>>> print(open('input_26.txt').read())   # compact mmCIF, C-alpha atoms
# COMPACT_ATOMS: atom_id res chain seq x y z
CA MET A 749 14.02 20.20 -16.80
CA LYS A 750 14.01 18.90 -20.37
CA LEU A 751 10.66 18.33 -22.01
CA GLU A 752 11.59 14.69 -22.69
CA THR A 753 12.29 14.12 -18.99
CA LEU A 754 9.01 15.75 -17.98
CA SER A 755 7.14 13.59 -20.48
CA GLN A 756 8.71 10.44 -19.05
CA ILE A 757 7.81 11.52 -15.51
CA ASN A 758 4.20 12.06 -16.54
CA ILE A 759 4.04 8.65 -18.20
CA GLU A 760 5.39 6.91 -15.10
CA ARG A 761 3.14 8.84 -12.73
CA ALA A 762 0.06 8.11 -14.82
CA ALA A 763 0.91 4.41 -14.54
CA ARG A 764 1.49 4.75 -10.77
CA ARG A 765 5.13 3.77 -11.14
CA PRO A 766 7.68 5.62 -8.99
CA VAL A 767 10.52 7.53 -10.57
CA ILE A 768 13.41 9.68 -9.27
CA VAL A 769 15.15 12.50 -11.12
CA VAL A 770 18.83 12.83 -10.15
CA THR A 771 20.24 16.35 -10.61
CA ASP A 772 23.92 17.27 -10.35
CA VAL A 773 23.72 20.54 -8.44
CA ALA A 774 27.05 21.81 -9.80
CA ASN A 775 26.21 21.64 -13.50
CA GLY A 776 22.47 20.98 -13.63
CA GLU A 777 22.80 17.67 -15.48
CA GLN A 778 19.83 15.40 -14.93
CA ARG A 779 18.94 11.79 -15.43
CA LEU A 780 15.71 9.94 -14.76
CA VAL A 781 15.75 6.60 -12.94
CA LYS A 782 12.72 4.33 -13.04
CA ALA A 783 12.07 2.04 -10.09
CA VAL A 784 12.66 -1.04 -12.23
CA ASP A 785 16.21 0.22 -12.83
CA PHE A 786 17.05 0.97 -9.17
CA PRO A 787 18.85 -2.35 -8.47
CA GLY A 788 21.48 -1.73 -11.15
CA ASP A 789 21.95 1.97 -10.48
CA PRO A 790 25.14 3.18 -8.73
CA LEU A 791 22.94 5.12 -6.30
CA HIS A 792 20.57 2.21 -5.63
CA ALA A 793 20.85 2.38 -1.83
CA GLU A 794 20.12 6.11 -1.74
CA LEU A 795 17.33 5.79 -4.30
CA ASP A 796 15.69 2.96 -2.35
CA LYS A 797 15.90 4.94 0.90
CA GLN A 798 14.35 8.11 -0.48
CA LEU A 799 11.61 6.19 -2.28
CA ARG A 800 10.71 4.38 0.96
CA MET A 801 10.50 7.73 2.73
CA GLY A 802 8.60 9.27 -0.18
CA LYS A 803 10.70 12.44 0.09
CA SER A 804 13.16 14.29 -2.11
CA ALA A 805 16.60 14.97 -0.63
CA MET A 806 20.10 16.29 -1.22
CA ILE A 807 22.91 13.74 -0.99
CA GLU A 808 26.68 13.83 -1.39
CA THR A 809 28.57 11.05 -3.15
CA CYS A 810 31.96 10.83 -4.86
CA GLY A 811 32.52 14.53 -4.20
CA LYS A 812 29.28 15.53 -5.90
CA LYS A 813 26.12 17.08 -4.52
CA LEU A 814 23.07 15.46 -6.05
CA PHE A 815 19.41 16.31 -5.57
CA LEU A 816 17.06 13.33 -5.69
CA ASN A 817 13.59 14.45 -6.72
CA VAL A 818 11.19 11.67 -5.78
CA TYR A 819 7.91 11.10 -7.62
CA ALA A 820 6.08 8.36 -5.74
CA PRO A 821 2.46 7.27 -6.21
CA THR A 822 0.00 8.26 -3.50
CA ALA A 823 -0.51 5.25 -1.26
CA ARG A 824 -3.99 3.78 -1.15
CA LEU A 825 -5.85 1.87 1.54
CA VAL A 826 -8.62 -0.53 0.62
CA ILE A 827 -10.69 -1.71 3.58
CA ILE A 828 -12.92 -4.73 3.16
CA GLY A 829 -15.64 -4.38 5.76
CA ALA A 830 -17.48 -1.29 6.99
CA VAL A 831 -17.11 -2.27 10.65
CA HIS A 832 -16.21 -0.36 13.83
CA ILE A 833 -12.47 -0.82 13.27
CA SER A 834 -12.89 0.61 9.77
CA GLN A 835 -14.65 3.68 11.15
CA ALA A 836 -11.53 4.45 13.18
CA LEU A 837 -9.03 3.30 10.55
CA ALA A 838 -10.37 5.30 7.58
CA PRO A 839 -9.93 8.81 9.05
CA LEU A 840 -6.57 7.83 10.52
CA ALA A 841 -5.33 6.72 7.10
CA ARG A 842 -6.71 9.84 5.45
CA ALA A 843 -4.80 11.97 7.98
CA LEU A 844 -1.67 10.20 6.72
CA ASP A 845 -2.54 11.14 3.12
CA TYR A 846 -3.78 7.72 1.98
CA ASN A 847 -6.58 7.52 -0.56
CA VAL A 848 -9.13 5.35 1.27
CA THR A 849 -11.89 3.13 -0.12
CA VAL A 850 -14.23 1.04 2.03
CA ILE A 851 -15.98 -1.95 0.44
CA ASP A 852 -18.87 -3.86 1.97
CA PRO A 853 -21.94 -5.32 0.23
CA ARG A 854 -23.94 -4.91 3.45
CA THR A 855 -25.59 -1.53 2.92
CA ALA A 856 -26.58 -1.30 6.58
CA PHE A 857 -22.86 -1.03 7.36
CA ALA A 858 -21.57 0.80 4.27
CA SER A 859 -23.47 4.04 4.75
CA PRO A 860 -22.32 7.64 4.31
CA GLU A 861 -23.52 8.37 7.84
CA ARG A 862 -21.02 5.89 9.26
CA PHE A 863 -18.24 6.84 6.82
CA PRO A 864 -18.41 10.56 6.03
CA ASP A 865 -15.97 11.83 3.40
CA VAL A 866 -14.78 8.30 2.53
CA ALA A 867 -15.22 6.52 -0.80
CA LEU A 868 -17.76 3.74 -0.21
CA VAL A 869 -18.57 0.84 -2.51
CA ALA A 870 -21.59 -1.20 -1.41
CA GLU A 871 -20.83 -4.17 -3.67
CA TRP A 872 -19.34 -7.63 -3.38
CA PRO A 873 -15.55 -7.73 -3.84
CA ASP A 874 -15.69 -9.40 -7.25
CA VAL A 875 -17.66 -6.39 -8.52
CA ALA A 876 -16.08 -3.63 -6.43
CA LEU A 877 -12.38 -4.42 -6.74
CA PRO A 878 -11.54 -4.68 -10.48
CA PRO A 879 -12.42 -1.02 -11.26
CA LEU A 880 -10.11 0.21 -8.50
CA ASN A 881 -6.99 -0.96 -10.37
CA ILE A 882 -5.27 -2.00 -7.17
CA ASP A 883 -1.48 -2.11 -7.38
CA TYR A 884 1.71 -2.44 -5.31
CA TYR A 885 1.14 0.94 -3.63
CA THR A 886 -2.07 -0.31 -2.05
CA ALA A 887 -2.50 -1.45 1.54
CA PHE A 888 -5.28 -4.02 1.75
CA VAL A 889 -7.18 -4.76 4.97
CA ALA A 890 -9.90 -7.41 5.37
CA VAL A 891 -11.92 -7.09 8.58
CA THR A 892 -15.44 -8.43 8.01
CA HIS A 893 -14.82 -11.83 9.64
CA ASP A 894 -17.06 -13.20 6.86
CA PRO A 895 -15.25 -15.62 4.50
CA LYS A 896 -17.78 -14.94 1.74
CA ILE A 897 -16.54 -11.33 1.67
CA ASP A 898 -12.95 -11.48 2.91
CA ASP A 899 -11.70 -14.54 1.01
CA PRO A 900 -12.35 -13.40 -2.60
CA ALA A 901 -11.01 -9.98 -1.67
CA LEU A 902 -7.76 -11.48 -0.36
CA LEU A 903 -7.34 -13.55 -3.53
CA HIS A 904 -7.59 -10.33 -5.51
CA ALA A 905 -4.97 -8.67 -3.29
CA PHE A 906 -2.56 -11.56 -3.87
CA ALA A 907 -2.88 -11.14 -7.63
CA LYS A 908 -2.17 -7.40 -7.40
CA ASN A 909 0.94 -7.74 -5.20
CA CYS A 910 -0.18 -5.14 -2.65
CA PHE A 911 2.65 -3.92 -0.43
CA TYR A 912 0.57 -4.74 2.66
CA ILE A 913 -2.17 -7.31 3.20
CA GLY A 914 -3.76 -7.78 6.61
CA ALA A 915 -6.74 -9.75 7.90
CA LEU A 916 -8.59 -9.74 11.19
CA GLY A 917 -8.75 -12.93 13.23
CA SER A 918 -6.93 -15.16 15.69
CA ARG A 919 -4.18 -17.58 14.68
CA LYS A 920 -6.74 -20.39 14.72
CA THR A 921 -9.08 -18.39 12.50
CA HIS A 922 -6.19 -17.53 10.20
CA ALA A 923 -5.18 -21.20 9.87
CA LYS A 924 -8.69 -22.05 8.69
CA ARG A 925 -8.59 -19.06 6.35
CA GLY A 926 -5.33 -20.31 4.87
CA ASP A 927 -6.84 -23.72 4.18
CA ARG A 928 -9.83 -22.15 2.45
CA LEU A 929 -7.68 -19.85 0.32
CA LYS A 930 -5.33 -22.65 -0.74
CA ALA A 931 -8.36 -24.70 -1.77
CA GLN A 932 -9.18 -21.79 -4.10
CA GLY A 933 -5.72 -21.68 -5.65
CA ALA A 934 -3.66 -19.55 -3.26
CA THR A 935 -0.08 -20.64 -2.62
CA ASP A 936 1.84 -20.86 0.64
CA ALA A 937 3.71 -17.73 -0.48
CA ASP A 938 0.39 -15.92 -0.88
CA ILE A 939 -0.77 -16.92 2.61
CA ALA A 940 2.56 -15.79 4.06
CA LYS A 941 1.89 -12.26 2.78
CA ILE A 942 -1.07 -11.86 5.14
CA HIS A 943 -0.42 -10.05 8.41
CA ALA A 944 -2.61 -12.03 10.79
CA PRO A 945 -3.45 -11.41 13.54
CA ILE A 946 -3.57 -7.96 11.97
CA GLY A 947 -1.67 -5.00 13.41
CA LEU A 948 1.36 -4.57 15.63
CA ASN A 949 1.15 -6.26 19.02
CA ILE A 950 0.58 -3.23 21.25
CA GLY A 951 -2.09 -4.78 23.45
CA ALA A 952 -4.86 -3.07 21.49
CA VAL A 953 -8.39 -3.76 22.74
CA SER A 954 -10.81 -1.14 21.41
CA PRO A 955 -11.57 -0.61 17.71
CA SER A 956 -9.65 2.67 17.79
CA GLU A 957 -6.60 1.03 19.36
CA ILE A 958 -6.71 -1.79 16.81
CA ALA A 959 -6.89 0.81 14.05
CA VAL A 960 -3.75 2.47 15.42
CA SER A 961 -1.95 -0.89 15.50
CA ILE A 962 -2.98 -1.60 11.89
CA MET A 963 -1.88 1.80 10.63
CA ALA A 964 1.43 1.48 12.44
CA GLN A 965 2.05 -1.91 10.82
CA ILE A 966 1.16 -0.52 7.38
CA THR A 967 3.55 2.39 7.91
CA ALA A 968 6.37 0.07 8.95
CA GLU A 969 5.81 -2.09 5.87
CA LEU A 970 5.92 0.96 3.60
CA ARG A 971 8.80 2.85 5.19
CA LEU A 972 11.23 0.37 6.75
CA PRO A 973 13.88 -1.39 4.63
CA LYS A 974 13.17 -5.00 3.83
CA PRO A 975 15.45 -7.50 5.62
CA SER A 976 18.24 -8.90 3.50
CA ALA A 977 17.94 -12.48 2.36
CA ALA A 978 20.16 -14.87 4.30
>>> encode(input="input_26.txt", output="structure tokens")
Amino acid sequence: MKLETLSQINIERAARRPVIVVTDVANGEQRLVKAVDFPGDPLHAELDKQLRMGKSAMIETCGKKLFLNVYAPTARLVIIGAVHISQALAPLARALDYNVTVIDPRTAFASPERFPDVALVAEWPDVALPPLNIDYYTAFVAVTHDPKIDDPALLHAFAKNCFYIGALGSRKTHAKRGDRLKAQGATDADIAKIHAPIGLNIGAVSPSEIAVSIMAQITAELRLPKPSAA
């Protein structure tokens, strides 16, 4: 690999921007494709697929064998609320290689005893969130059921364009949440980004089952292709 290519990879990775190096196996020629350039690339479908999967792969196209070396940012999960669901969700996400942070200003909930080996921030969202530098490769889950905590956190998630945003609550609760958020400047498009009721509908009842349904929905959002616009 050329030094210039390696330098570009390091720049993109430091900025948490995905990049793929395409290598012609026959002659060793390489080119670097940044995610912003995927739509106009001749291999855009293959690049999109491998980036979604987060895995490098060998492909064949136009009589050539090409190796796609994928450099994707590590996905992060930010959980607002150190509740029972979070206690089940955090280790599940860590097992799937997510970097997990739990935020809750209520120190009785956000304790190391309840969340061993998990990054805890016992601050209000307006203090806790900015230093995290949340980005597209962040899944964002709000589960406190307390508007004073969840609402400002969700507004922050909208601004950072997280790939997944979910919030606990019934449809009725979510409708009221939407009204509150719009009163604080959120748009209908912002509200539409929220998965609520949170998680896939698998009939989950216990906190652990709800955690499984949430993690499954996050995985689907990250890995499955987006539906084409009509």
>>> residues_around(input="input_26.txt", residues="Ile882 of chain A", least_positions_apart="4", cutoff="10 Å", atoms="only C-alpha atoms", output="mmCIF file with C-alpha atoms, in the frame of the given file")
data_model
loop_
_atom_site.group_PDB
_atom_site.id
_atom_site.type_symbol
_atom_site.label_atom_id
_atom_site.label_comp_id
_atom_site.auth_asym_id
_atom_site.auth_seq_id
_atom_site.Cartn_x
_atom_site.Cartn_y
_atom_site.Cartn_z
ATOM 1 C CA ARG A 824 -3.990 3.780 -1.150
ATOM 2 C CA LEU A 825 -5.850 1.870 1.540
ATOM 3 C CA VAL A 826 -8.620 -0.530 0.620
ATOM 4 C CA LEU A 877 -12.380 -4.420 -6.740
ATOM 5 C CA PRO A 878 -11.540 -4.680 -10.480
ATOM 6 C CA THR A 886 -2.070 -0.310 -2.050
ATOM 7 C CA ALA A 887 -2.500 -1.450 1.540
ATOM 8 C CA PHE A 888 -5.280 -4.020 1.750
ATOM 9 C CA HIS A 904 -7.590 -10.330 -5.510
ATOM 10 C CA ALA A 905 -4.970 -8.670 -3.290
ATOM 11 C CA ALA A 907 -2.880 -11.140 -7.630
ATOM 12 C CA LYS A 908 -2.170 -7.400 -7.400
ATOM 13 C CA ASN A 909 0.940 -7.740 -5.200
ATOM 14 C CA CYS A 910 -0.180 -5.140 -2.650
#
>>> atom_distance(input="input_26.txt", atom1="atom CA of Pro839 of chain A", atom2="atom CA of Asp796 of chain A")
28.6 Å
>>> residues_near_point(input="input_26.txt", point="(2.0, 5.9, -10.2)", cutoff="10 Å", atoms="all atoms listed in the file", output="VMD selection string")
chain A and resid 757 to 767 819 to 823 883 to 885
>>> residues_near_point(input="input_26.txt", point="(2.0, -15.7, 1.4)", cutoff="12 Å", atoms="all atoms listed in the file", output="PyMOL selection string")
chain A and resi 902-903+905-907+909-914+926+929-930+934-944
>>> residues_around(input="input_26.txt", residues="Pro853 of chain A", least_positions_apart="4", cutoff="9 Å", atoms="all atoms listed in the file", output="list of chain:residue names")
A:Gly829, A:Phe857, A:Ala858, A:Val869, A:Ala870, A:Glu871, A:Trp872, A:Pro873, A:Ile897
>>> closest_residue(input="input_26.txt", among="A:Gln778, A:Asn949, A:Ser804, A:Ser954", to="Glu752 of chain A", atoms="all atoms listed in the file")
A:Gln778
>>> atom_distance(input="input_26.txt", atom1="atom CA of Arg928 of chain A", atom2="atom CA of Thr892 of chain A")
15.8 Å
>>> closest_residue(input="input_26.txt", among="A:Val784, A:Val848, A:Val770, A:Ile833", to="Lys812 of chain A", atoms="only C-alpha atoms")
A:Val770
>>> atom_distance(input="input_26.txt", atom1="atom CA of Val818 of chain A", atom2="atom CA of Leu840 of chain A")
24.4 Å
